[in-house]
$ cat structure.cif   # mmCIF, C-alpha atoms
data_input
#
loop_
_atom_site.group_PDB
_atom_site.id
_atom_site.type_symbol
_atom_site.label_atom_id
_atom_site.label_comp_id
_atom_site.auth_asym_id
_atom_site.auth_seq_id
_atom_site.Cartn_x
_atom_site.Cartn_y
_atom_site.Cartn_z
ATOM 1 C CA MET U 1 56.282 12.296 -1.613
ATOM 2 C CA LYS U 2 55.357 15.328 -3.699
ATOM 3 C CA PRO U 3 53.008 17.910 -2.167
ATOM 4 C CA SER U 4 50.562 17.545 -5.084
ATOM 5 C CA LYS U 5 50.305 13.799 -4.409
ATOM 6 C CA LEU U 6 49.623 14.443 -0.707
ATOM 7 C CA ILE U 7 46.916 16.943 -1.576
ATOM 8 C CA PHE U 8 45.352 14.431 -3.993
ATOM 9 C CA ILE U 9 45.377 11.629 -1.377
ATOM 10 C CA ALA U 10 43.910 13.957 1.270
ATOM 11 C CA ALA U 11 41.174 15.076 -1.154
ATOM 12 C CA MET U 12 40.335 11.445 -2.001
ATOM 13 C CA ALA U 13 40.134 10.505 1.692
ATOM 14 C CA LEU U 14 37.906 13.501 2.373
ATOM 15 C CA GLY U 15 35.707 12.645 -0.625
ATOM 16 C CA LEU U 16 35.342 9.026 0.460
ATOM 17 C CA SER U 17 34.426 9.993 4.005
ATOM 18 C CA ALA U 18 31.788 12.400 2.659
ATOM 19 C CA CYS U 19 30.159 9.536 0.710
ATOM 20 C CA GLN U 20 29.608 7.389 3.783
ATOM 21 C CA SER U 21 26.072 7.120 5.097
ATOM 22 C CA LYS U 22 24.792 6.503 8.573
ATOM 23 C CA VAL U 23 21.913 4.159 9.377
ATOM 24 C CA GLU U 24 20.035 4.337 12.649
ATOM 25 C CA TYR U 25 17.065 2.452 14.031
ATOM 26 C CA GLY U 26 13.955 4.513 14.594
ATOM 27 C CA ASP U 27 10.709 3.979 16.464
ATOM 28 C CA ALA U 28 8.404 1.906 14.222
ATOM 29 C CA ASN U 29 5.404 3.607 15.855
ATOM 30 C CA ALA U 30 6.663 7.170 15.408
ATOM 31 C CA VAL U 31 4.690 9.413 13.062
ATOM 32 C CA GLU U 32 6.222 9.208 9.603
ATOM 33 C CA THR U 33 6.134 12.524 7.737
ATOM 34 C CA VAL U 34 8.620 12.098 4.901
ATOM 35 C CA ASN U 35 6.009 13.040 2.287
ATOM 36 C CA GLU U 36 2.273 13.022 1.637
ATOM 37 C CA ASN U 37 2.187 9.478 0.200
ATOM 38 C CA PHE U 38 0.628 6.533 2.034
ATOM 39 C CA GLY U 39 3.071 5.400 4.715
ATOM 40 C CA SER U 40 3.602 3.336 7.841
ATOM 41 C CA THR U 41 1.667 5.731 10.093
ATOM 42 C CA ASP U 42 -1.342 5.465 7.771
ATOM 43 C CA LEU U 43 -1.126 1.658 7.731
ATOM 44 C CA GLN U 44 -1.027 1.554 11.541
ATOM 45 C CA ALA U 45 -3.931 3.998 11.887
ATOM 46 C CA ILE U 46 -6.087 2.013 9.457
ATOM 47 C CA THR U 47 -5.247 -1.312 11.076
ATOM 48 C CA ASP U 48 -5.985 -0.068 14.595
ATOM 49 C CA LYS U 49 -9.256 1.606 13.598
ATOM 50 C CA MET U 50 -10.614 -1.366 11.616
ATOM 51 C CA VAL U 51 -9.720 -4.010 14.177
ATOM 52 C CA ASP U 52 -11.010 -1.973 17.139
ATOM 53 C CA SER U 53 -14.229 -1.193 15.283
ATOM 54 C CA MET U 54 -14.836 -4.791 14.268
ATOM 55 C CA LEU U 55 -14.131 -6.217 17.718
ATOM 56 C CA THR U 56 -16.444 -3.728 19.473
ATOM 57 C CA THR U 57 -19.410 -3.811 17.079
ATOM 58 C CA PRO U 58 -22.435 -5.470 18.768
ATOM 59 C CA SER U 59 -23.162 -7.842 15.856
ATOM 60 C CA VAL U 60 -19.561 -9.109 15.824
ATOM 61 C CA ILE U 61 -19.544 -9.445 19.625
ATOM 62 C CA VAL U 62 -22.617 -11.702 19.293
ATOM 63 C CA LEU U 63 -20.990 -13.719 16.449
ATOM 64 C CA SER U 64 -17.862 -14.396 18.458
ATOM 65 C CA ALA U 65 -19.405 -14.796 21.926
ATOM 66 C CA ASN U 66 -19.643 -18.608 21.941
ATOM 67 C CA GLN U 67 -17.411 -19.585 19.026
ATOM 68 C CA ARG U 68 -14.414 -18.449 17.003
ATOM 69 C CA PRO U 69 -15.876 -17.792 13.533
ATOM 70 C CA ILE U 70 -13.748 -18.826 10.554
ATOM 71 C CA LEU U 71 -12.858 -15.987 8.197
ATOM 72 C CA PHE U 72 -11.010 -15.604 4.997
ATOM 73 C CA VAL U 73 -9.624 -12.211 4.153
ATOM 74 C CA ASP U 74 -9.789 -11.119 0.549
ATOM 75 C CA SER U 75 -6.908 -8.874 -0.504
ATOM 76 C CA ILE U 76 -7.556 -5.189 0.055
ATOM 77 C CA LYS U 77 -8.155 -3.538 -3.331
ATOM 78 C CA ASN U 78 -5.923 -0.569 -4.108
ATOM 79 C CA LYS U 79 -8.069 2.022 -5.875
ATOM 80 C CA THR U 80 -5.548 4.833 -5.441
ATOM 81 C CA SER U 81 -3.166 6.188 -8.068
ATOM 82 C CA GLU U 82 -0.189 5.188 -5.859
ATOM 83 C CA HIS U 83 1.568 1.866 -5.616
ATOM 84 C CA ILE U 84 0.520 0.759 -2.114
ATOM 85 C CA ASP U 85 1.371 -2.605 -0.600
ATOM 86 C CA THR U 86 -2.196 -3.522 0.323
ATOM 87 C CA GLU U 87 -1.066 -7.046 1.184
ATOM 88 C CA SER U 88 0.718 -5.509 4.159
ATOM 89 C CA VAL U 89 -2.541 -3.805 5.244
ATOM 90 C CA THR U 90 -4.399 -7.114 4.832
ATOM 91 C CA ASP U 91 -1.738 -9.006 6.801
ATOM 92 C CA SER U 92 -1.730 -6.487 9.660
ATOM 93 C CA ILE U 93 -5.524 -6.594 10.028
ATOM 94 C CA SER U 94 -5.596 -10.410 9.881
ATOM 95 C CA THR U 95 -2.810 -10.718 12.436
ATOM 96 C CA LYS U 96 -4.463 -8.365 14.934
ATOM 97 C CA LEU U 97 -7.821 -10.132 14.581
ATOM 98 C CA LEU U 98 -6.204 -13.547 15.016
ATOM 99 C CA GLN U 99 -4.307 -12.341 18.088
ATOM 100 C CA SER U 100 -7.588 -11.148 19.606
ATOM 101 C CA GLY U 101 -8.528 -14.825 20.031
ATOM 102 C CA LYS U 102 -12.004 -14.135 18.591
ATOM 103 C CA PHE U 103 -11.502 -15.534 15.058
ATOM 104 C CA ARG U 104 -9.814 -18.264 13.086
ATOM 105 C CA PHE U 105 -8.599 -17.786 9.522
ATOM 106 C CA ILE U 106 -8.239 -19.648 6.270
ATOM 107 C CA ASP U 107 -5.393 -18.386 4.097
ATOM 108 C CA MET U 108 -6.751 -18.398 0.549
ATOM 109 C CA THR U 109 -3.383 -17.239 -0.818
ATOM 110 C CA LYS U 110 -1.917 -20.667 -0.004
ATOM 111 C CA VAL U 111 -4.629 -22.905 -1.489
ATOM 112 C CA ASP U 112 -2.481 -23.969 -4.463
ATOM 113 C CA ALA U 113 0.509 -24.750 -2.233
ATOM 114 C CA VAL U 114 -1.716 -26.809 0.097
ATOM 115 C CA ARG U 115 -3.248 -28.640 -2.859
ATOM 116 C CA LYS U 116 0.234 -29.543 -4.171
ATOM 117 C CA GLN U 117 1.300 -30.814 -0.742
ATOM 118 C CA LEU U 118 -1.853 -32.936 -0.334
ATOM 119 C CA ASP U 119 -1.426 -34.307 -3.856
ATOM 120 C CA TYR U 120 2.167 -35.211 -3.026
ATOM 121 C CA GLN U 121 1.145 -36.892 0.245
ATOM 122 C CA ASN U 122 -1.679 -38.895 -1.347
ATOM 123 C CA ASN U 123 -0.415 -39.660 -4.855
ATOM 124 C CA ALA U 124 3.377 -39.632 -5.002
ATOM 125 C CA GLY U 125 3.796 -43.007 -3.305
ATOM 126 C CA MET U 126 6.460 -41.530 -1.042
ATOM 127 C CA VAL U 127 4.400 -40.812 2.091
ATOM 128 C CA ASP U 128 3.121 -43.465 4.484
ATOM 129 C CA PRO U 129 -0.645 -43.579 3.740
ATOM 130 C CA SER U 130 -1.451 -43.795 7.453
ATOM 131 C CA THR U 131 0.165 -40.369 8.020
ATOM 132 C CA ALA U 132 -0.991 -38.615 4.834
ATOM 133 C CA ILE U 133 -3.555 -35.837 5.253
ATOM 134 C CA LYS U 134 -6.655 -36.806 3.289
ATOM 135 C CA PHE U 135 -8.349 -34.568 0.738
ATOM 136 C CA GLY U 136 -11.722 -33.036 1.632
ATOM 137 C CA ARG U 137 -11.155 -32.501 5.344
ATOM 138 C CA GLN U 138 -10.500 -28.781 5.476
ATOM 139 C CA ILE U 139 -13.007 -26.525 7.172
ATOM 140 C CA GLY U 140 -14.778 -23.911 5.091
ATOM 141 C CA ALA U 141 -14.873 -20.225 5.949
ATOM 142 C CA GLN U 142 -18.095 -18.800 7.373
ATOM 143 C CA TYR U 143 -17.297 -15.136 6.734
ATOM 144 C CA MET U 144 -15.347 -13.045 4.243
ATOM 145 C CA LEU U 145 -13.553 -9.844 5.245
ATOM 146 C CA TYR U 146 -12.797 -7.494 2.351
ATOM 147 C CA GLY U 147 -12.137 -3.847 1.610
ATOM 148 C CA ASN U 148 -10.976 -1.043 -0.630
ATOM 149 C CA LEU U 149 -8.431 1.729 -0.243
ATOM 150 C CA SER U 150 -9.190 4.791 -2.357
ATOM 151 C CA SER U 151 -7.813 8.310 -2.603
ATOM 152 C CA ILE U 152 -8.593 11.761 -3.927
ATOM 153 C CA VAL U 153 -5.650 13.993 -4.788
ATOM 154 C CA LYS U 154 -6.030 17.754 -5.352
ATOM 155 C CA GLN U 155 -3.306 20.244 -6.118
ATOM 156 C CA ASN U 156 -3.483 24.013 -6.240
ATOM 157 C CA GLY U 157 -0.196 25.748 -6.908
ATOM 158 C CA SER U 158 2.245 24.778 -4.195
ATOM 159 C CA THR U 159 -0.370 23.006 -2.029
ATOM 160 C CA LYS U 160 -1.211 19.324 -2.465
ATOM 161 C CA ASP U 161 -4.071 17.677 -0.574
ATOM 162 C CA VAL U 162 -4.349 13.872 -0.407
ATOM 163 C CA TYR U 163 -7.420 12.198 1.074
ATOM 164 C CA TYR U 164 -7.419 8.428 1.728
ATOM 165 C CA LYS U 165 -10.437 6.326 2.633
ATOM 166 C CA MET U 166 -10.298 2.705 3.725
ATOM 167 C CA THR U 167 -13.607 0.819 3.693
ATOM 168 C CA MET U 168 -14.006 -2.730 5.027
ATOM 169 C CA ARG U 169 -16.909 -5.169 5.310
ATOM 170 C CA LEU U 170 -17.563 -8.552 6.924
ATOM 171 C CA MET U 171 -19.939 -10.756 4.930
ATOM 172 C CA ASP U 172 -21.749 -13.900 6.107
ATOM 173 C CA LEU U 173 -21.013 -16.359 3.274
ATOM 174 C CA GLU U 174 -24.153 -18.410 3.909
ATOM 175 C CA THR U 175 -26.639 -15.532 3.831
ATOM 176 C CA GLY U 176 -24.723 -12.813 1.991
ATOM 177 C CA LEU U 177 -25.564 -10.388 4.801
ATOM 178 C CA ILE U 178 -23.026 -7.733 5.778
ATOM 179 C CA GLU U 179 -22.436 -8.134 9.519
ATOM 180 C CA TRP U 180 -20.017 -5.232 9.930
ATOM 181 C CA ALA U 181 -18.669 -2.308 7.902
ATOM 182 C CA ASP U 182 -16.562 0.717 8.717
ATOM 183 C CA GLU U 183 -14.355 3.401 7.179
ATOM 184 C CA LYS U 184 -11.157 5.158 8.161
ATOM 185 C CA GLU U 185 -10.325 8.513 6.587
ATOM 186 C CA ILE U 186 -6.895 10.152 6.456
ATOM 187 C CA ARG U 187 -6.091 13.595 5.037
ATOM 188 C CA LYS U 188 -2.586 14.911 4.352
ATOM 189 C CA GLU U 189 -1.520 18.282 3.057
ATOM 190 C CA ARG U 190 1.836 19.310 1.679
ATOM 191 C CA SER U 191 2.803 22.934 1.063
ATOM 192 C CA LYS U 192 5.998 23.880 -0.706
ATOM 193 C CA THR U 193 7.820 26.987 0.359
ATOM 194 C CA LEU U 194 9.129 29.543 -2.117
ATOM 195 C CA PHE U 195 12.415 27.663 -2.493
ATOM 196 C CA GLY U 196 10.869 24.156 -2.449
ATOM 197 C CA LEU U 197 12.251 23.298 0.985
#

$ encode --input "structure.cif" --output "structure tokens"
Amino acid sequence: MKPSKLIFIAAMALGLSACQSKVEYGDANAVETVNENFGSTDLQAITDKMVDSMLTTPSVIVLSANQRPILFVDSIKNKTSEHIDTESVTDSISTKLLQSGKFRFIDMTKVDAVRKQLDYQNNAGMVDPSTAIKFGRQIGAQYMLYGNLSSIVKQNGSTKDVYYKMTMRLMDLETGLIEWADEKEIRKERSKTLFGL
């Protein structure tokens, strides 16, 4: 084999090995500092703060002392300039509250799917009527949990400051009274060095 061919093959092998990437598992609870955008650490901090606050507020302790109130969680509204998966925030808060054993939930995102299934069971003629779930037997929610995620972004030269604020409220659907509200604030600052590193 010619020396030029050997050099070419060696260069190709070296180039291919340089293109390989390595994937490792990390700690899902470790502080994520890739950039100043909303990230997993922020989601966890918001979820922990909101759930702990709600479960330890005197009015909510009274509400859940002798019963498990039924909630529906409205999707968290993203009022930031970023694309943030607020459904993930909503899901995390709902899951932690459900796991507390203090509340029960109605999933309003699945109402259409439930309606289709009940229609199929009751009207398609394919389900034994004695086993079909009847319309009009679901339990209504007593409370609505809802919130907003907003941000303020400021930049001055090489410094960027991002402030996030999550606000949540629990409303009694019968009276319209707010039984609980709280906020979680997060501030991040990014400074670029002279060479952008």

$ residues_around --input "structure.cif" --residues "range 128-139 of chain U" --least-positions-apart "6" --cutoff "8 Å" --atoms "all atoms listed in the file" --output "VMD selection string"
chain U and resid 118 121 to 122

$ residues_around --input "structure.cif" --residues "range 101-108 of chain U" --least-positions-apart "6" --cutoff "8 Å" --atoms "all atoms listed in the file" --output "short mmCIF file (atom, residue, chain, number, x, y, z; two decimals) with C-alpha atoms, in the coordinates of the input"
data_model
loop_
_atom_site.label_atom_id
_atom_site.label_comp_id
_atom_site.auth_asym_id
_atom_site.auth_seq_id
_atom_site.Cartn_x
_atom_site.Cartn_y
_atom_site.Cartn_z
CA SER U 64 -17.86 -14.40 18.46
CA GLN U 67 -17.41 -19.58 19.03
CA ARG U 68 -14.41 -18.45 17.00
CA PRO U 69 -15.88 -17.79 13.53
CA ILE U 70 -13.75 -18.83 10.55
CA LEU U 71 -12.86 -15.99 8.20
CA PHE U 72 -11.01 -15.60 5.00
CA VAL U 73 -9.62 -12.21 4.15
CA ASP U 74 -9.79 -11.12 0.55
CA SER U 94 -5.60 -10.41 9.88
CA GLY U 140 -14.78 -23.91 5.09
CA ALA U 141 -14.87 -20.23 5.95
#

$ closest_residue --input "structure.cif" --among "U:Leu55, U:Val89, U:Val127, U:Ala65" --to "Thr41 in chain U" --atoms "all atoms listed in the file"
U:Val89

$ closest_residue --input "structure.cif" --among "U:Ile9, U:Val23, U:Val62, U:Met144" --to "Met168 in chain U" --atoms "all atoms listed in the file"
U:Met144

$ atom_distance --input "structure.cif" --atom1 "CA of Lys77 in chain U" --atom2 "CA of Lys188 in chain U"
20.7 Å

$ residues_near_point --input "structure.cif" --point "(-8.7, 2.6, 13.5)" --cutoff "12 Å" --atoms "only C-alpha atoms" --output "PyMOL selection string"
chain U and resi 41-56+93+96+165-168+182-186

$ write_last_selection --input "structure.cif" --atoms "C-alpha atoms" --output "PDB file, keeping the file's coordinate frame"
ATOM      1  CA  THR U  41       1.667   5.731  10.093  1.00  0.00           C
ATOM      2  CA  ASP U  42      -1.342   5.465   7.771  1.00  0.00           C
ATOM      3  CA  LEU U  43      -1.126   1.658   7.731  1.00  0.00           C
ATOM      4  CA  GLN U  44      -1.027   1.554  11.541  1.00  0.00           C
ATOM      5  CA  ALA U  45      -3.931   3.998  11.887  1.00  0.00           C
ATOM      6  CA  ILE U  46      -6.087   2.013   9.457  1.00  0.00           C
ATOM      7  CA  THR U  47      -5.247  -1.312  11.076  1.00  0.00           C
ATOM      8  CA  ASP U  48      -5.985  -0.068  14.595  1.00  0.00           C
ATOM      9  CA  LYS U  49      -9.256   1.606  13.598  1.00  0.00           C
ATOM     10  CA  MET U  50     -10.614  -1.366  11.616  1.00  0.00           C
ATOM     11  CA  VAL U  51      -9.720  -4.010  14.177  1.00  0.00           C
ATOM     12  CA  ASP U  52     -11.010  -1.973  17.139  1.00  0.00           C
ATOM     13  CA  SER U  53     -14.229  -1.193  15.283  1.00  0.00           C
ATOM     14  CA  MET U  54     -14.836  -4.791  14.268  1.00  0.00           C
ATOM     15  CA  LEU U  55     -14.131  -6.217  17.718  1.00  0.00           C
ATOM     16  CA  THR U  56     -16.444  -3.728  19.473  1.00  0.00           C
ATOM     17  CA  ILE U  93      -5.524  -6.594  10.028  1.00  0.00           C
ATOM     18  CA  LYS U  96      -4.463  -8.365  14.934  1.00  0.00           C
ATOM     19  CA  LYS U 165     -10.437   6.326   2.633  1.00  0.00           C
ATOM     20  CA  MET U 166     -10.298   2.705   3.725  1.00  0.00           C
ATOM     21  CA  THR U 167     -13.607   0.819   3.693  1.00  0.00           C
ATOM     22  CA  MET U 168     -14.006  -2.730   5.027  1.00  0.00           C
ATOM     23  CA  ASP U 182     -16.562   0.717   8.717  1.00  0.00           C
ATOM     24  CA  GLU U 183     -14.355   3.401   7.179  1.00  0.00           C
ATOM     25  CA  LYS U 184     -11.157   5.158   8.161  1.00  0.00           C
ATOM     26  CA  GLU U 185     -10.325   8.513   6.587  1.00  0.00           C
ATOM     27  CA  ILE U 186      -6.895  10.152   6.456  1.00  0.00           C
TER      28      ILE U 186
END

$ atom_distance --input "structure.cif" --atom1 "CA of Ser75 in chain U" --atom2 "CA of Asp161 in chain U"
26.7 Å
